[in-house]
>>> print(open('final-v9.csv').read())   # CSV, C-alpha atoms and all ligand atoms
chain,number,residue,atom,x,y,z
A,1,MET,CA,3.7,-7.6,-24.4
A,2,HIS,CA,3.9,-10.5,-22.2
A,3,ASP,CA,1.1,-12.6,-20.8
A,4,ASN,CA,3.4,-14.3,-18.4
A,5,PRO,CA,6.8,-13.5,-16.8
A,6,THR,CA,9.7,-14.5,-19.0
A,7,ALA,CA,13.4,-14.0,-18.8
A,8,ASP,CA,14.3,-10.4,-17.9
A,9,SER,CA,17.3,-8.4,-18.7
A,10,ARG,CA,18.3,-6.5,-15.6
A,11,SER,CA,16.3,-7.9,-12.7
A,12,THR,CA,17.0,-5.0,-10.5
A,13,PRO,CA,14.5,-5.2,-7.7
A,14,ILE,CA,12.6,-2.1,-6.4
A,15,ASP,CA,13.9,-1.9,-2.9
A,16,GLY,CA,11.0,-0.9,-0.7
A,17,THR,CA,12.9,-0.1,2.5
A,18,GLY,CA,11.6,3.2,3.8
A,19,ARG,CA,9.9,4.0,0.4
A,20,THR,CA,6.3,4.7,-0.3
A,21,ALA,CA,3.5,3.1,-2.2
A,22,LEU,CA,-0.1,4.1,-2.9
A,23,VAL,CA,-2.7,1.4,-3.0
A,24,THR,CA,-6.4,1.9,-3.7
A,25,GLY,CA,-9.1,-0.6,-2.5
A,26,ALA,CA,-6.8,-1.6,0.4
A,27,GLY,CA,-9.5,-2.3,3.0
A,28,ARG,CA,-10.1,-6.0,2.0
A,29,GLY,CA,-9.5,-8.5,-0.7
A,30,LEU,CA,-6.5,-8.2,-3.1
A,31,GLY,CA,-5.8,-4.6,-2.0
A,32,ALA,CA,-5.4,-5.7,1.6
A,33,THR,CA,-3.2,-8.6,0.6
A,34,LEU,CA,-1.0,-6.3,-1.5
A,35,THR,CA,-0.8,-3.7,1.3
A,36,THR,CA,0.3,-6.5,3.7
A,37,LEU,CA,3.0,-7.7,1.2
A,38,LEU,CA,4.4,-4.2,0.6
A,39,CYS,CA,4.6,-3.5,4.3
A,40,ALA,CA,6.4,-6.8,4.9
A,41,ARG,CA,8.9,-5.7,2.3
A,42,GLY,CA,9.5,-2.4,4.1
A,43,TRP,CA,7.3,-0.1,2.0
A,44,ASN,CA,5.2,2.5,3.7
A,45,VAL,CA,1.7,2.4,2.1
A,46,VAL,CA,-0.8,5.2,1.7
A,47,ALA,CA,-3.9,3.1,1.6
A,48,THR,CA,-7.5,4.0,0.7
A,49,SER,CA,-11.0,2.6,0.4
A,50,ARG,CA,-14.4,4.1,1.2
A,51,SER,CA,-14.9,1.9,4.3
A,52,GLY,CA,-12.9,3.6,7.1
A,53,ASP,CA,-13.5,0.6,9.4
A,54,GLU,CA,-12.0,-1.9,7.1
A,55,LEU,CA,-9.1,0.3,6.3
A,56,ALA,CA,-8.5,1.0,10.0
A,57,ALA,CA,-8.4,-2.7,10.7
A,58,VAL,CA,-5.8,-3.4,8.0
A,59,ALA,CA,-3.7,-0.4,9.1
A,60,GLY,CA,-4.0,-1.3,12.8
A,61,LYS,CA,-2.7,-4.8,12.3
A,62,LEU,CA,0.1,-3.9,9.9
A,63,ASN,CA,1.3,-0.9,12.0
A,64,ALA,CA,1.6,-3.3,14.9
A,65,GLU,CA,3.7,-5.7,12.8
A,66,GLY,CA,5.8,-3.4,10.6
A,67,PRO,CA,8.4,-2.9,9.2
A,68,GLY,CA,6.4,-0.7,6.8
A,69,ARG,CA,3.7,1.6,8.0
A,70,VAL,CA,0.2,2.2,6.7
A,71,VAL,CA,-1.3,5.7,6.4
A,72,ALA,CA,-5.0,5.0,6.1
A,73,ILE,CA,-7.0,7.7,4.3
A,74,PRO,CA,-10.6,6.7,3.8
A,75,GLY,CA,-12.5,8.1,0.8
A,76,ASP,CA,-13.7,7.5,-2.7
A,77,VAL,CA,-11.2,7.4,-5.6
A,78,CYS,CA,-13.8,9.2,-7.8
A,79,ASP,CA,-13.6,12.3,-5.6
A,80,PRO,CA,-10.9,14.7,-7.0
A,81,GLY,CA,-10.3,16.2,-3.5
A,82,HIS,CA,-9.7,12.7,-2.0
A,83,ARG,CA,-7.2,11.8,-4.8
A,84,ALA,CA,-5.4,15.0,-4.3
A,85,ARG,CA,-5.0,14.2,-0.6
A,86,LEU,CA,-3.7,10.7,-1.3
A,87,VAL,CA,-1.1,12.0,-3.7
A,88,ALA,CA,-0.1,14.9,-1.5
A,89,GLU,CA,0.4,12.4,1.4
A,90,ALA,CA,2.3,9.8,-0.7
A,91,GLY,CA,4.4,12.6,-2.4
A,92,ALA,CA,5.4,14.0,1.0
A,93,LEU,CA,6.7,10.6,2.2
A,94,PRO,CA,10.2,9.3,1.2
A,95,GLY,CA,10.7,7.6,-2.2
A,96,PHE,CA,7.1,7.5,-3.6
A,97,GLY,CA,7.6,4.7,-6.1
A,98,ILE,CA,4.6,2.5,-6.6
A,99,VAL,CA,0.9,3.2,-7.5
A,100,VAL,CA,-1.5,0.3,-7.5
A,101,ASN,CA,-4.9,1.0,-9.0
A,102,ASN,CA,-6.9,-1.9,-7.5
A,103,ALA,CA,-10.2,-0.4,-6.4
A,104,ALA,CA,-12.9,-1.3,-8.9
A,105,LEU,CA,-16.7,-1.5,-9.2
A,106,MET,CA,-18.6,-4.4,-10.9
A,107,GLY,CA,-21.7,-2.2,-11.1
A,108,VAL,CA,-24.6,-4.6,-10.7
A,109,SER,CA,-25.2,-7.5,-8.3
A,110,PRO,CA,-25.7,-10.2,-9.5
A,111,ILE,CA,-24.0,-9.7,-12.8
A,112,ALA,CA,-26.6,-9.2,-15.6
A,113,PRO,CA,-26.7,-8.6,-19.4
A,114,LEU,CA,-25.0,-5.3,-20.4
A,115,LEU,CA,-28.2,-3.7,-21.8
A,116,GLU,CA,-30.1,-4.4,-18.5
A,117,ALA,CA,-27.9,-2.2,-16.5
A,118,PRO,CA,-29.1,1.4,-16.0
A,119,VAL,CA,-27.1,4.0,-17.9
A,120,ASP,CA,-26.0,5.5,-14.6
A,121,VAL,CA,-24.2,2.3,-13.9
A,122,TYR,CA,-22.2,2.6,-17.1
A,123,ARG,CA,-21.1,6.0,-15.9
A,124,ARG,CA,-20.2,4.9,-12.3
A,125,VAL,CA,-18.2,1.9,-13.5
A,126,MET,CA,-16.3,3.9,-16.1
A,127,GLU,CA,-15.7,6.7,-13.5
A,128,THR,CA,-14.4,4.2,-10.9
A,129,ASN,CA,-12.5,1.8,-13.1
A,130,VAL,CA,-11.1,4.1,-15.8
A,131,VAL,CA,-11.4,7.8,-15.1
A,132,ALA,CA,-10.3,7.7,-11.4
A,133,PRO,CA,-7.2,5.4,-12.0
A,134,LEU,CA,-6.1,7.5,-14.9
A,135,ALA,CA,-6.5,10.7,-12.9
A,136,LEU,CA,-4.6,9.2,-10.0
A,137,ILE,CA,-1.7,8.3,-12.4
A,138,ARG,CA,-1.9,11.8,-13.9
A,139,GLU,CA,-1.6,13.3,-10.4
A,140,SER,CA,1.0,10.9,-9.1
A,141,VAL,CA,3.5,11.0,-12.0
A,142,PRO,CA,5.0,14.4,-11.2
A,143,HIS,CA,6.0,12.9,-7.8
A,144,LEU,CA,7.4,9.6,-9.2
A,145,GLY,CA,11.0,9.2,-10.0
A,146,SER,CA,12.8,7.0,-12.5
A,147,GLY,CA,12.4,3.4,-11.6
A,148,SER,CA,8.8,3.7,-10.3
A,149,LEU,CA,6.1,1.3,-11.1
A,150,ILE,CA,2.3,1.7,-11.8
A,151,VAL,CA,0.2,-1.4,-11.5
A,152,ASN,CA,-3.4,-1.5,-12.9
A,153,ILE,CA,-5.4,-4.4,-11.7
A,154,SER,CA,-7.1,-6.0,-14.7
A,155,SER,CA,-9.4,-9.0,-15.3
A,156,GLU,CA,-9.9,-11.8,-17.7
A,157,SER,CA,-13.1,-10.0,-18.8
A,158,ALA,CA,-10.8,-7.4,-20.3
A,159,VAL,CA,-9.7,-9.8,-23.0
A,160,GLN,CA,-12.4,-12.5,-23.1
A,161,ALA,CA,-16.1,-11.6,-23.9
A,162,PHE,CA,-18.3,-13.2,-21.3
A,163,PRO,CA,-22.1,-12.8,-21.2
A,164,CYS,CA,-22.9,-10.5,-18.2
A,165,ALA,CA,-19.3,-9.2,-17.9
A,166,GLY,CA,-21.1,-5.9,-18.6
A,167,VAL,CA,-19.5,-2.5,-18.7
A,168,TYR,CA,-17.0,-3.9,-16.1
A,169,GLY,CA,-15.3,-5.9,-18.8
A,170,ALA,CA,-15.3,-2.9,-21.2
A,171,SER,CA,-13.8,-0.8,-18.4
A,172,LYS,CA,-11.0,-3.2,-17.7
A,173,ALA,CA,-10.2,-3.5,-21.5
A,174,ALA,CA,-10.1,0.3,-21.6
A,175,MET,CA,-7.7,0.5,-18.7
A,176,ASP,CA,-5.5,-2.2,-20.2
A,177,GLN,CA,-5.1,-0.1,-23.4
A,178,ALA,CA,-4.6,3.1,-21.5
A,179,GLY,CA,-1.8,1.4,-19.6
A,180,ARG,CA,-0.1,0.2,-22.8
A,181,ILE,CA,-0.2,3.8,-24.1
A,182,LEU,CA,1.2,5.2,-20.8
A,183,ALA,CA,3.9,2.5,-20.8
A,184,LEU,CA,5.2,4.0,-24.0
A,185,GLU,CA,4.7,7.6,-23.0
A,186,LEU,CA,6.4,7.2,-19.6
A,187,ALA,CA,9.3,5.1,-20.8
A,188,GLU,CA,11.6,8.1,-21.1
A,189,ALA,CA,10.9,9.0,-17.5
A,190,GLY,CA,11.9,5.5,-16.5
A,191,ILE,CA,8.4,4.7,-15.1
A,192,GLY,CA,7.0,1.2,-15.7
A,193,VAL,CA,3.3,0.5,-16.2
A,194,VAL,CA,1.8,-3.0,-16.1
A,195,ALA,CA,-1.6,-4.6,-16.1
A,196,VAL,CA,-2.1,-7.6,-13.8
A,197,ASP,CA,-5.0,-10.0,-14.0
A,198,PRO,CA,-5.2,-11.6,-10.6
A,199,GLY,CA,-7.5,-14.4,-11.7
A,200,ASP,CA,-10.7,-15.5,-9.9
A,201,MET,CA,-10.6,-14.9,-6.2
A,202,GLY,CA,-13.1,-15.6,-3.4
A,203,THR,CA,-13.6,-12.0,-2.4
A,204,ARG,CA,-16.6,-9.8,-1.8
A,205,MET,CA,-16.5,-8.6,-5.4
A,206,TYR,CA,-16.9,-12.2,-6.5
A,207,ALA,CA,-19.6,-12.9,-4.0
A,208,GLU,CA,-21.6,-9.8,-5.1
A,209,ALA,CA,-21.2,-10.7,-8.8
A,210,GLU,CA,-22.4,-14.3,-8.2
A,211,PRO,CA,-24.4,-14.5,-5.0
A,212,GLY,CA,-24.5,-18.0,-3.6
A,213,ALA,CA,-21.2,-19.0,-5.2
A,214,ASP,CA,-19.0,-21.2,-3.0
A,215,LEU,CA,-16.2,-18.8,-2.3
A,216,SER,CA,-14.2,-21.5,-0.5
A,217,ALA,CA,-13.7,-23.3,-3.8
A,218,LEU,CA,-12.0,-20.2,-5.2
A,219,PRO,CA,-8.3,-19.2,-4.8
A,220,SER,CA,-7.7,-16.5,-2.2
A,221,PRO,CA,-5.9,-13.2,-3.0
A,222,GLU,CA,-2.8,-14.8,-1.2
A,223,SER,CA,-2.6,-17.2,-4.1
A,224,THR,CA,-1.1,-14.3,-6.2
A,225,LEU,CA,1.7,-13.6,-3.7
A,226,PRO,CA,4.5,-15.5,-5.6
A,227,PHE,CA,3.7,-13.4,-8.6
A,228,TRP,CA,3.9,-10.1,-6.7
A,229,HIS,CA,7.3,-11.1,-5.1
A,230,TRP,CA,8.5,-11.9,-8.7
A,231,LEU,CA,7.2,-8.5,-10.0
A,232,LEU,CA,8.8,-6.6,-7.1
A,233,GLY,CA,12.1,-8.3,-7.9
A,234,ARG,CA,12.1,-6.8,-11.5
A,235,HIS,CA,13.2,-3.4,-12.7
A,236,PRO,CA,10.0,-1.6,-13.7
A,237,THR,CA,11.2,-0.7,-17.2
A,238,ASP,CA,12.0,-4.4,-17.9
A,239,VAL,CA,8.3,-5.3,-17.3
A,240,SER,CA,6.6,-2.1,-18.6
A,241,GLY,CA,3.8,-2.6,-21.1
A,242,GLY,CA,3.3,-6.2,-19.9
A,243,ARG,CA,0.0,-7.8,-19.0
A,244,PHE,CA,0.5,-10.6,-16.4
A,245,LEU,CA,-1.6,-13.5,-15.2
A,246,ALA,CA,-0.8,-13.6,-11.5
A,247,GLN,CA,-2.2,-17.1,-10.8
A,248,GLU,CA,-0.3,-18.6,-13.7
A,249,HIS,CA,3.0,-17.5,-12.3
A,250,THR,CA,5.0,-20.6,-11.6
A,251,ARG,CA,8.4,-19.5,-10.1
A,301,LIG,N1,-12.4,-11.2,-7.2
A,301,LIG,C1,-12.1,-11.6,-8.4
A,301,LIG,O1,-12.5,-12.8,-8.8
A,301,LIG,C2,-11.4,-10.7,-9.4
A,301,LIG,C3,-11.1,-11.3,-10.7
A,301,LIG,C4,-10.4,-10.5,-11.6
A,301,LIG,C5,-10.0,-9.2,-11.2
A,301,LIG,N2,-10.4,-8.7,-10.0
A,301,LIG,C6,-10.0,-7.3,-9.7
A,301,LIG,O2,-9.2,-7.3,-8.5
A,301,LIG,C7,-9.3,-6.0,-7.8
A,301,LIG,C8,-9.7,-6.2,-6.3
A,301,LIG,O3,-10.9,-6.8,-6.2
A,301,LIG,P1,-11.3,-7.8,-5.0
A,301,LIG,O4,-11.8,-9.0,-5.6
A,301,LIG,O5,-10.2,-7.8,-4.0
A,301,LIG,O6,-12.6,-6.9,-4.5
A,301,LIG,P2,-13.1,-6.5,-3.0
A,301,LIG,O7,-12.7,-7.5,-2.0
A,301,LIG,O8,-14.5,-6.2,-3.2
A,301,LIG,O9,-12.2,-5.2,-2.7
A,301,LIG,C9,-12.4,-4.0,-3.5
A,301,LIG,C10,-11.8,-2.9,-2.7
A,301,LIG,O10,-11.9,-1.7,-3.5
A,301,LIG,C11,-12.5,-0.7,-2.6
A,301,LIG,N3,-13.3,0.3,-3.5
A,301,LIG,C12,-14.2,0.0,-4.3
A,301,LIG,N4,-14.7,1.1,-4.9
A,301,LIG,C13,-13.9,2.1,-4.4
A,301,LIG,C14,-13.9,3.5,-4.6
A,301,LIG,N5,-14.8,4.1,-5.4
A,301,LIG,N6,-13.0,4.3,-3.9
A,301,LIG,C15,-12.1,3.7,-3.0
A,301,LIG,N7,-12.1,2.3,-2.8
A,301,LIG,C16,-13.0,1.6,-3.5
A,301,LIG,C17,-13.4,-1.5,-1.7
A,301,LIG,O11,-13.7,-0.8,-0.5
A,301,LIG,P3,-15.0,0.1,-0.3
A,301,LIG,O12,-16.2,-0.6,-0.9
A,301,LIG,O13,-15.1,0.2,1.2
A,301,LIG,O14,-14.7,1.4,-1.0
A,301,LIG,C18,-12.4,-2.7,-1.4
A,301,LIG,O15,-11.5,-2.3,-0.4
A,301,LIG,C19,-10.4,-5.2,-8.6
A,301,LIG,O16,-9.7,-4.4,-9.5
A,301,LIG,C20,-11.1,-6.3,-9.4
A,301,LIG,O17,-11.7,-5.8,-10.6
A,301,LIG,C21,-11.0,-9.4,-9.1
>>> encode(input="final-v9.csv", output="structure tokens")
Amino acid sequence: MHDNPTADSRSTPIDGTGRTALVTGAGRGLGATLTTLLCARGWNVVATSRSGDELAAVAGKLNAEGPGRVVAIPGDVCDPGHRARLVAEAGALPGFGIVVNNAALMGVSPIAPLLEAPVDVYRRVMETNVVAPLALIRESVPHLGSGSLIVNISSESAVQAFPCAGVYGASKAAMDQAGRILALELAEAGIGVVAVDPGDMGTRMYAEAEPGADLSALPSPESTLPFWHWLLGRHPTDVSGGRFLAQEHTR
């Protein structure tokens, strides 16, 4: 396990040219930033979020710029039919090789003590942040070749207990552990699985968690870009099982 990038053995980058990635929560925030980065590196991206307008804006801009293309498929990752469509689309495109589980739900706005949240919120957060990403991985793996990479977006609240981190923190911890298990189970297939804590970012998720917070004082999702360039320059099996702190990446 690594909390930060260290020396790696092979450093064989995943070449994105003409290949395909699947990114959830791509309509804004970190997911939009990652989609932009992947397209700039030549990846085609099957992108999803519930808001079709936000997704269309991201896709329209990136499809005008290239070189990668965005296939925008709006919908909810909790919907099995939607997930099947995403995977069918990604699997039919050349070189499906990256899955980014980025879409997530905080559950309550503003954040509040765990026991104050309705039980239904526990269910929705676990469904969005754990069940749906695991199902997406399960459905994607048969299409992923050796040298593919699965990225689960984590949070500091997965490893630190904060008051009001709520079931969100528990869901991120659960997904971290599921990712570590999958990293072992998928090693033979040559598929890497990593968890990435992007750090605090001034996005809508943060604004909804802490209404009134000064978002301009927080780092933007773009602050994580050096880390993503580093990660995409590694061979997935060299980093598999790792948990990375994107904003603490220094080279
Ligand atoms: N912001 C932070 O400070 C921070 C810190 C640590 C970790 N993170 C993690 O970083 C990731 C990205 O968060 P962000 O800050 O960029 O949040 P954001 O700006 O609110 O973006 C979240 C994205 O996920 C989509 N989404 C949410 N639920 C979905 C669902 N059920 N199906 C499909 N798409 C869904 C949203 O679109 P729709 O609402 O239109 O569906 C949106 O595109 C999350 O995993 C979050 O836990 C964020």
>>> residues_around(input="final-v9.csv", residues="Met106 in chain A", least_positions_apart="5", cutoff="12 Å", atoms="all atoms listed in the file", output="VMD selection string")
chain A and resid 111 to 112 114 117 121 to 129 155 157 164 to 172 204 to 210
>>> closest_residue(input="final-v9.csv", among="A:Ala195, A:Leu232, A:Ile153, A:Leu93", to="ligand LIG 301 (chain A)", atoms="only C-alpha atoms and all ligand atoms")
A:Ile153
>>> residues_near_ligand(input="final-v9.csv", ligand="ligand LIG 301 (chain A)", cutoff="6 Å", atoms="only C-alpha atoms and all ligand atoms", output="VMD selection string")
chain A and resid 24 to 31 48 to 51 75 to 78 102 to 105 128 153 to 155 197 to 206
>>> atom_distance(input="final-v9.csv", atom1="CA of Ala183 in chain A", atom2="CA of Ser240 in chain A")
5.8 Å
>>> atom_distance(input="final-v9.csv", atom1="CA of Ala40 in chain A", atom2="CA of Gly147 in chain A")
20.3 Å
>>> residues_around(input="final-v9.csv", residues="Ala246 in chain A", least_positions_apart="4", cutoff="9 Å", atoms="only C-alpha atoms", output="list in words")
Asn4, Val196, Asp197, Pro198, Gly199, Ser223, Thr224, Leu225, Pro226, Phe227 and Trp228 of chain A
>>> atom_distance(input="final-v9.csv", atom1="CA of Val239 in chain A", atom2="CA of Val193 in chain A")
7.7 Å
>>> closest_residue(input="final-v9.csv", among="A:Ser220, A:Thr17, A:Thr36, A:Asn101", to="Gly60 in chain A", atoms="all atoms listed in the file")
A:Thr36
>>> closest_residue(input="final-v9.csv", among="A:Ala32, A:Ala72, A:Val131, A:Leu62", to="Ala47 in chain A", atoms="only C-alpha atoms")
A:Ala72
>>> residues_near_point(input="final-v9.csv", point="(-3.3, 3.1, -21.7)", cutoff="10 Å", atoms="all atoms listed in the file", output="number ranges by chain")
A: 130, 134, 152, 173-185, 193-195, 241
>>> closest_residue(input="final-v9.csv", among="A:Cys39, A:Asp15, A:Trp230, A:Arg243", to="Ala158 in chain A", atoms="only C-alpha atoms")
A:Arg243
>>> residues_near_point(input="final-v9.csv", point="(7.8, 2.6, 0.6)", cutoff="8 Å", atoms="only C-alpha atoms", output="VMD selection string")
chain A and resid 16 to 21 38 to 39 42 to 45 68 94 to 98
>>> closest_residue(input="final-v9.csv", among="A:Leu144, A:Pro163, A:Asp53, A:His249", to="Leu115 in chain A", atoms="only C-alpha atoms")
A:Pro163
>>> closest_residue(input="final-v9.csv", among="A:Pro110, A:Gly212, A:Gly91, A:Gly52", to="Glu139 in chain A", atoms="all atoms listed in the file")
A:Gly91
